[in-house]
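Visitor: Here you go, one structure.
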Amino acid sequence: MSARAALAAMIYREGESVDPLFAALRDIISAQGFRVGGLLQEPCGDSIFVTELGSGRRINLTQDLGACSEGCRLDTGALVEAAGLLAQSLASPPDLLLLARFGRVEIEGGGLIAEIGEAASLGVPTLIGVGAMREPGWRAFAGDLGETLPCTLEAALEWWAAVAPKS
């Protein structure tokens with residue numbers, strides 16, 4: 001079997017929900033005695049919350065732009081706060097880093113790019129949710145250093161078995 005990349009994207013299609021899958025993966029890996037860090041996303045009505053796993057801090061990533069607005073609702077200040085918590089957690093790296101989304105902001109070079117790079121430099125296995133429409137941007141970012149997985153718990157567990165720290 002060929003070596004697996006420690007950086008992987010779980011590609012999900014519109015209508016597929018990667019969030020419960022990531023939560024289940026976190027529970028399984030934690031039950032195995034490994035430390036899981038990262039940001040898990042939780043849609044709630046019109047808002048999107050992330051929970052930073054190290055601190056348990058829950059952050060609303062959306063801003064209210066008012067009635068009939070059509071602009072991007074991402075609260076960049078909240079994203080910076082989440083990135084800061086994630087950076088702090090990498091000071092004592094987890095065994096697995098889960099990041100709910102790789103989106104437009106990361107494709108444009110912002111968002112969590114620095115933290116993804118830091119995790120890679122530390123050798124932390126990192127799994128990121130990537131929407132199918134963002135897959136080309138992911139591939140441009142990750143190049144040969146990352147791989148893609150189908151959106152299944154089985155695929156994630158198979159990848160984890162190959163990249164998990166060995167004691």
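Numbering starts fresh at 1 for the residues of each chain in the structure tokens, the chains themselves are lettered A, B, ... in the order given, and ligands are numbered from 1 as they appear.
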For the contact check between range 107-127 of chain A and range 86-96 of chain A, emit one row per residue of range 107-127 of chain A within 9 Å, containing the shortest atom pair and the distance in Å rounded to one decimal, counting only C-alpha atoms, chain then rising number order, as CSV.

Guide:
residue,atom,partner,partner_atom,distance
A:Leu112,CA,A:Leu86,CA,8.6
A:Ala114,CA,A:Ala87,CA,8.5
A:Glu115,CA,A:Ala87,CA,5.9
A:Glu118,CA,A:Leu90,CA,7.7
A:Ala119,CA,A:Leu90,CA,7.0
A:Leu122,CA,A:Pro93,CA,7.8
A:Val124,CA,A:Leu96,CA,6.2
A:Pro125,CA,A:Leu96,CA,5.2
A:Thr126,CA,A:Leu96,CA,6.0
A:Leu127,CA,A:Leu96,CA,7.8

Visitor: Using only C-alpha atoms, which residues sit within 12 Å of Ala155 in chain A once same-chain residues fewer than 5 positions away are excluded, as a list in words?

Guide: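 The residues satisfying every condition are Ala8, Ala9, Met10, Ile11, Leu21, Phe22, Leu25, Leu127, Glu147, Thr148, Leu149, Pro150, Trp160, Ala161 and Ala162 of chain A.
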
Visitor: Could you go through range 18-112 of chain A and tell me which residues DSSP, when run on the backbone, assigns to strand (DSSP E), listing them as a VMD selection string?

Guide: chain A and resid 36 to 44 47 to 52 58 to 60 96 to 99

Visitor: Please identify the helix (DSSP H, G or I) residues within range 11-145 of chain A (assignment by DSSP from backbone atoms) and present them as a PyMOL selection string.

Guide: chain A and resi 18-31+76-89+104-107+113-122+132-145

Visitor: Write out as a list in words each polymer residue whose atoms come within 10 Å of range 51-58 of chain A, counting only C-alpha atoms; drop sequence neighbours fewer than 3 positions from it.

Guide: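 Here the qualifying residues turn out to be Arg26, Arg35, Val36, Gly37, Gly38, Leu39, Leu40, Gln41, Glu42, Leu61, Ala82, Ala83, Leu85, Leu86, Gln88, Ser89, Leu90, Ser92, Pro93, Pro94, Leu97, Leu98, Leu99 and Ala100 of chain A.
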
Visitor: Find, counting only C-alpha atoms, the residue in A:Val130, A:Leu145, A:Ala140, A:Ile113 that gets nearest to Val18 in chain A.

Guide: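 When distances to Val18 in chain A are compared using only C-alpha atoms, the smallest one comes from A:Val130.
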
Visitor: Which of these residues is nearest to Gly111 in chain A, using only C-alpha atoms: A:Phe34, A:Gly84, A:Gly137, A:Leu79?

Guide: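 Ranked by minimum distance to Gly111 in chain A, first place goes to A:Leu79.
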
Visitor: In terms of the shortest atom-to-atom distance over only C-alpha atoms, which of A:Phe49, A:Gly129, A:Arg139, A:Gly123 is closest to Ala6 in chain A?

Guide: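 The closest residue to Ala6 in chain A is A:Gly123.
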
Visitor: Would you work out the distance separating CA of Glu14 in chain A from CA of Ala132 in chain A, expressed in Å to one decimal?

Guide: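 Straight-line distance from CA of Glu14 in chain A to CA of Ala132 in chain A works out to 7.4 Å.
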
Visitor: Report, in Å with one decimal, the straight-line distance from CA of Ala164 in chain A to CA of Gly103 in chain A.

Guide: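 Between these atoms lies a distance of 25.6 Å.
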
Visitor: Please compute the CA of Arg13 in chain A-CA of Gly131 in chain A distance, one decimal, in Å.

Guide: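 It comes out at 6.0 Å.
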